[in-house]
Amino acid sequence: MNDYRQETNLASSHWRRWLWIGAGHAAVVLAVLGIALPLLPTTPFLLLAGFCYARGSVRFYNWLMNHRWFGGPIRRWKETRTVSRRAKAMAITLVILLVGPTILFVVPHLWLKVLMTTVGTVGMVV
């Protein structure tokens, strides 16, 4: 287990640290939800959690950075400023599998189908 203490910059007051920790917890919850929900991104919320924990708690920051699933994307982002191709491919696949049937079978109007397809495609490309 690596110690990332040198990367933290804890807030000076006790109550601010608690606010940073609370925000970090909320970001982790949103990241976990983002694993299952296609329009909720996981990696940005993990990065936000890391940012918050680095200002609130050395223990939580170390936990996040050393986490089996969450630590890798954060460390990769810090080192290369990129998201892995596997993560991108998984995100695109989930969007297609979860949003595609909705566009095809639930949305009644053609113009709305075209709009949703366009927005989804732009979101995946950018």
# chains A, B, ... in the order shown; residues from 1 in each chain; ligands from 1
call {"tool": "residues_around", "arguments": {"residues": "A:Ile21", "least_positions_apart": "4", "cutoff": "7 Å", "atoms": "only C-alpha atoms", "output": "PyMOL selection string"}}
result
chain A and resi 17+25+52-53+56-57
call {"tool": "write_last_selection", "arguments": {"atoms": "N, CA and C atoms", "output": "PDB file, in the first residue's frame"}}
result
ATOM      1  N   ARG A  17     -12.236  20.666   6.734  1.00  0.00           N
ATOM      2  CA  ARG A  17     -11.840  19.303   6.398  1.00  0.00           C
ATOM      3  C   ARG A  17     -13.047  18.389   6.349  1.00  0.00           C
ATOM      4  N   HIS A  25     -16.996  12.000  -0.217  1.00  0.00           N
ATOM      5  CA  HIS A  25     -17.916  10.859  -0.102  1.00  0.00           C
ATOM      6  C   HIS A  25     -19.027  10.952  -1.143  1.00  0.00           C
ATOM      7  N   CYS A  52     -11.112  16.336  -3.407  1.00  0.00           N
ATOM      8  CA  CYS A  52     -11.718  16.645  -2.117  1.00  0.00           C
ATOM      9  C   CYS A  52     -10.989  15.947  -0.971  1.00  0.00           C
ATOM     10  N   TYR A  53     -10.710  14.669  -1.145  1.00  0.00           N
ATOM     11  CA  TYR A  53     -10.021  13.931  -0.092  1.00  0.00           C
ATOM     12  C   TYR A  53      -8.619  14.479   0.161  1.00  0.00           C
ATOM     13  N   GLY A  56      -9.148  17.040   2.604  1.00  0.00           N
ATOM     14  CA  GLY A  56      -9.883  16.717   3.819  1.00  0.00           C
ATOM     15  C   GLY A  56      -9.277  15.641   4.689  1.00  0.00           C
ATOM     16  N   SER A  57      -8.652  14.630   4.082  1.00  0.00           N
ATOM     17  CA  SER A  57      -8.196  13.501   4.889  1.00  0.00           C
ATOM     18  C   SER A  57      -7.108  12.700   4.172  1.00  0.00           C
TER      19      SER A  57
END
call {"tool": "residues_around", "arguments": {"residues": "A:Val119", "least_positions_apart": "4", "cutoff": "12 Å", "atoms": "only C-alpha atoms", "output": "ChimeraX atom specification"}}
result
/A:39,95,99,103,112-115,123-126
call {"tool": "write_last_selection", "arguments": {"atoms": "N, CA, C and O atoms", "output": "PDB file, in the first residue's frame"}}
result
ATOM      1  N   LEU A  39     -25.350   7.884 -18.415  1.00  0.00           N
ATOM      2  CA  LEU A  39     -25.129   9.312 -18.626  1.00  0.00           C
ATOM      3  C   LEU A  39     -24.423   9.987 -17.454  1.00  0.00           C
ATOM      4  O   LEU A  39     -24.184  11.182 -17.484  1.00  0.00           O
ATOM      5  N   VAL A  95     -23.452   3.056 -23.315  1.00  0.00           N
ATOM      6  CA  VAL A  95     -24.375   4.066 -23.850  1.00  0.00           C
ATOM      7  C   VAL A  95     -25.186   3.477 -24.996  1.00  0.00           C
ATOM      8  O   VAL A  95     -26.407   3.631 -25.056  1.00  0.00           O
ATOM      9  N   VAL A  99     -28.993   3.220 -24.085  1.00  0.00           N
ATOM     10  CA  VAL A  99     -29.751   4.324 -24.670  1.00  0.00           C
ATOM     11  C   VAL A  99     -30.322   3.933 -26.032  1.00  0.00           C
ATOM     12  O   VAL A  99     -31.421   4.358 -26.399  1.00  0.00           O
ATOM     13  N   ILE A 103     -34.090   4.814 -27.640  1.00  0.00           N
ATOM     14  CA  ILE A 103     -34.313   5.610 -28.846  1.00  0.00           C
ATOM     15  C   ILE A 103     -35.159   4.830 -29.841  1.00  0.00           C
ATOM     16  O   ILE A 103     -36.088   5.376 -30.443  1.00  0.00           O
ATOM     17  N   LEU A 112     -37.219  13.621 -32.297  1.00  0.00           N
ATOM     18  CA  LEU A 112     -36.606  13.393 -30.994  1.00  0.00           C
ATOM     19  C   LEU A 112     -35.594  12.253 -31.051  1.00  0.00           C
ATOM     20  O   LEU A 112     -34.547  12.298 -30.412  1.00  0.00           O
ATOM     21  N   LYS A 113     -35.880  11.234 -31.864  1.00  0.00           N
ATOM     22  CA  LYS A 113     -34.923  10.138 -32.058  1.00  0.00           C
ATOM     23  C   LYS A 113     -33.639  10.663 -32.691  1.00  0.00           C
ATOM     24  O   LYS A 113     -32.530  10.304 -32.280  1.00  0.00           O
ATOM     25  N   VAL A 114     -33.798  11.527 -33.700  1.00  0.00           N
ATOM     26  CA  VAL A 114     -32.632  12.109 -34.374  1.00  0.00           C
ATOM     27  C   VAL A 114     -31.849  12.986 -33.394  1.00  0.00           C
ATOM     28  O   VAL A 114     -30.611  12.921 -33.336  1.00  0.00           O
ATOM     29  N   LEU A 115     -32.554  13.786 -32.601  1.00  0.00           N
ATOM     30  CA  LEU A 115     -31.894  14.655 -31.631  1.00  0.00           C
ATOM     31  C   LEU A 115     -31.118  13.839 -30.592  1.00  0.00           C
ATOM     32  O   LEU A 115     -29.951  14.128 -30.307  1.00  0.00           O
ATOM     33  N   GLY A 123     -21.623  13.276 -27.759  1.00  0.00           N
ATOM     34  CA  GLY A 123     -21.084  12.985 -26.434  1.00  0.00           C
ATOM     35  C   GLY A 123     -20.039  11.890 -26.447  1.00  0.00           C
ATOM     36  O   GLY A 123     -19.057  11.945 -25.717  1.00  0.00           O
ATOM     37  N   MET A 124     -20.229  10.878 -27.304  1.00  0.00           N
ATOM     38  CA  MET A 124     -19.263   9.785 -27.365  1.00  0.00           C
ATOM     39  C   MET A 124     -17.987  10.207 -28.103  1.00  0.00           C
ATOM     40  O   MET A 124     -16.899   9.740 -27.773  1.00  0.00           O
ATOM     41  N   VAL A 125     -18.120  11.066 -29.087  1.00  0.00           N
ATOM     42  CA  VAL A 125     -16.963  11.483 -29.862  1.00  0.00           C
ATOM     43  C   VAL A 125     -16.108  12.479 -29.086  1.00  0.00           C
ATOM     44  O   VAL A 125     -14.875  12.416 -29.113  1.00  0.00           O
ATOM     45  N   VAL A 126     -16.755  13.385 -28.419  1.00  0.00           N
ATOM     46  CA  VAL A 126     -16.033  14.423 -27.669  1.00  0.00           C
ATOM     47  C   VAL A 126     -15.639  13.859 -26.345  1.00  0.00           C
ATOM     48  O   VAL A 126     -14.617  13.698 -25.911  1.00  0.00           O
TER      49      VAL A 126
END
call {"tool": "atom_distance", "arguments": {"atom1": "atom CA of A:Arg75", "atom2": "atom CA of A:Thr43"}}
result
11.2 Å
call {"tool": "closest_residue", "arguments": {"among": "A:Ser84, A:Ser12, A:Thr118, A:Thr102", "to": "A:Arg55", "atoms": "only C-alpha atoms"}}
result
A:Ser12
call {"tool": "closest_residue", "arguments": {"among": "A:Leu46, A:Ala26, A:Val58, A:Leu94", "to": "A:Gly72", "atoms": "only C-alpha atoms"}}
result
A:Leu46
call {"tool": "closest_residue", "arguments": {"among": "A:Leu37, A:Ala31, A:Leu97, A:His109", "to": "A:Phe70", "atoms": "only C-alpha atoms"}}
result
A:Ala31
call {"tool": "closest_residue", "arguments": {"among": "A:Ala36, A:Ala54, A:Ala91, A:Leu48", "to": "A:Thr8", "atoms": "only C-alpha atoms"}}
result
A:Ala54
call {"tool": "atom_distance", "arguments": {"atom1": "atom CA of A:Tyr4", "atom2": "atom CA of A:Val32"}}
result
22.5 Å
call {"tool": "atom_distance", "arguments": {"atom1": "atom CA of A:Val29", "atom2": "atom CA of A:Trp77"}}
result
19.6 Å
call {"tool": "closest_residue", "arguments": {"among": "A:Leu104, A:Leu98, A:Ile35, A:Ile92", "to": "A:Val122", "atoms": "only C-alpha atoms"}}
result
A:Ile92
call {"tool": "closest_residue", "arguments": {"among": "A:Ala27, A:Trp69, A:Gly50, A:Val83", "to": "A:Asn9", "atoms": "only C-alpha atoms"}}
result
A:Gly50
call {"tool": "select_by_dssp", "arguments": {"residues": "chain A", "states": "alpha helix (DSSP H)", "output": "number ranges by chain"}}
result
A: 14-36, 43-56, 58-66, 71-80, 85-105, 110-125
call {"tool": "decode", "arguments": {"residues": "stretch 11-120 of chain A", "atoms": "C-alpha atoms", "output": "short mmCIF file (atom, residue, chain, number, x, y, z; two decimals), in the first residue's frame"}}
result
data_model
loop_
_atom_site.label_atom_id
_atom_site.label_comp_id
_atom_site.auth_asym_id
_atom_site.auth_seq_id
_atom_site.Cartn_x
_atom_site.Cartn_y
_atom_site.Cartn_z
CA ALA A 11 -7.58 22.49 4.89
CA SER A 12 -6.50 24.51 7.90
CA SER A 13 -9.73 24.36 9.89
CA HIS A 14 -11.40 21.26 11.24
CA TRP A 15 -14.87 22.06 9.87
CA ARG A 16 -13.51 22.70 6.36
CA ARG A 17 -11.84 19.30 6.40
CA TRP A 18 -15.20 17.74 7.27
CA LEU A 19 -16.81 19.58 4.34
CA TRP A 20 -14.09 18.29 1.97
CA ILE A 21 -14.55 14.76 3.29
CA GLY A 22 -18.33 15.00 2.83
CA ALA A 23 -17.91 16.27 -0.71
CA GLY A 24 -15.44 13.44 -1.39
CA HIS A 25 -17.92 10.86 -0.10
CA ALA A 26 -20.67 12.33 -2.29
CA ALA A 27 -18.37 12.20 -5.33
CA VAL A 28 -17.54 8.53 -4.65
CA VAL A 29 -21.25 7.72 -4.40
CA LEU A 30 -21.90 9.48 -7.73
CA ALA A 31 -18.95 7.64 -9.29
CA VAL A 32 -20.35 4.29 -8.15
CA LEU A 33 -23.76 5.23 -9.55
CA GLY A 34 -22.00 6.22 -12.77
CA ILE A 35 -20.84 2.64 -13.22
CA ALA A 36 -24.45 1.56 -13.80
CA LEU A 37 -26.00 4.74 -15.21
CA PRO A 38 -24.77 5.53 -18.72
CA LEU A 39 -25.13 9.31 -18.63
CA LEU A 40 -23.39 9.74 -15.27
CA PRO A 41 -19.61 9.73 -15.79
CA THR A 42 -17.51 7.73 -13.34
CA THR A 43 -13.97 9.02 -13.86
CA PRO A 44 -14.67 12.76 -13.37
CA PHE A 45 -16.38 12.00 -10.07
CA LEU A 46 -13.41 9.88 -8.98
CA LEU A 47 -11.09 12.76 -9.85
CA LEU A 48 -13.33 15.11 -7.87
CA ALA A 49 -13.28 12.70 -4.92
CA GLY A 50 -9.49 12.64 -5.04
CA PHE A 51 -9.38 16.42 -5.10
CA CYS A 52 -11.72 16.64 -2.12
CA TYR A 53 -10.02 13.93 -0.09
CA ALA A 54 -6.61 15.53 -0.69
CA ARG A 55 -7.92 18.59 1.17
CA GLY A 56 -9.88 16.72 3.82
CA SER A 57 -8.20 13.50 4.89
CA VAL A 58 -4.90 11.72 4.29
CA ARG A 59 -6.57 8.43 5.24
CA PHE A 60 -9.40 8.73 2.69
CA TYR A 61 -7.03 9.99 0.00
CA ASN A 62 -4.76 6.99 0.55
CA TRP A 63 -7.77 4.67 0.52
CA LEU A 64 -8.96 6.09 -2.81
CA MET A 65 -5.55 6.09 -4.46
CA ASN A 66 -4.85 2.50 -3.36
CA HIS A 67 -8.34 1.20 -4.14
CA ARG A 68 -8.37 -1.82 -6.44
CA TRP A 69 -10.88 -0.34 -8.91
CA PHE A 70 -10.89 3.40 -8.26
CA GLY A 71 -7.19 4.05 -7.80
CA GLY A 72 -6.07 3.04 -11.29
CA PRO A 73 -8.05 5.63 -13.27
CA ILE A 74 -6.98 8.40 -10.90
CA ARG A 75 -3.30 7.45 -10.98
CA ARG A 76 -3.43 7.11 -14.78
CA TRP A 77 -5.01 10.55 -15.08
CA LYS A 78 -2.39 12.10 -12.82
CA GLU A 79 0.44 10.52 -14.82
CA THR A 80 -0.76 10.79 -18.43
CA ARG A 81 -3.89 13.01 -18.36
CA THR A 82 -5.76 10.31 -20.30
CA VAL A 83 -8.58 7.84 -19.76
CA SER A 84 -7.79 4.27 -20.79
CA ARG A 85 -9.10 2.96 -24.10
CA ARG A 86 -10.80 0.13 -22.24
CA ALA A 87 -12.75 2.61 -20.10
CA LYS A 88 -13.74 4.63 -23.18
CA ALA A 89 -14.84 1.49 -25.03
CA MET A 90 -16.85 0.32 -22.04
CA ALA A 91 -18.56 3.69 -21.70
CA ILE A 92 -19.47 3.83 -25.39
CA THR A 93 -20.74 0.24 -25.32
CA LEU A 94 -22.92 0.93 -22.29
CA VAL A 95 -24.38 4.07 -23.85
CA ILE A 96 -25.23 2.18 -27.03
CA LEU A 97 -26.71 -0.79 -25.17
CA LEU A 98 -28.74 1.24 -22.70
CA VAL A 99 -29.75 4.32 -24.67
CA GLY A 100 -30.08 2.66 -28.09
CA PRO A 101 -33.16 0.57 -27.26
CA THR A 102 -34.78 3.62 -25.65
CA ILE A 103 -34.31 5.61 -28.85
CA LEU A 104 -35.57 2.75 -30.99
CA PHE A 105 -38.53 1.52 -28.96
CA VAL A 106 -39.63 4.20 -26.48
CA VAL A 107 -39.19 7.60 -28.11
CA PRO A 108 -42.27 8.20 -30.29
CA HIS A 109 -41.19 11.10 -32.53
CA LEU A 110 -38.63 10.88 -35.32
CA TRP A 111 -37.23 14.36 -34.64
CA LEU A 112 -36.61 13.39 -30.99
CA LYS A 113 -34.92 10.14 -32.06
CA VAL A 114 -32.63 12.11 -34.37
CA LEU A 115 -31.89 14.66 -31.63
CA MET A 116 -31.09 11.98 -29.04
CA THR A 117 -28.92 10.08 -31.50
CA THR A 118 -27.05 13.26 -32.42
CA VAL A 119 -26.49 14.29 -28.81
CA GLY A 120 -25.36 10.76 -27.89
#
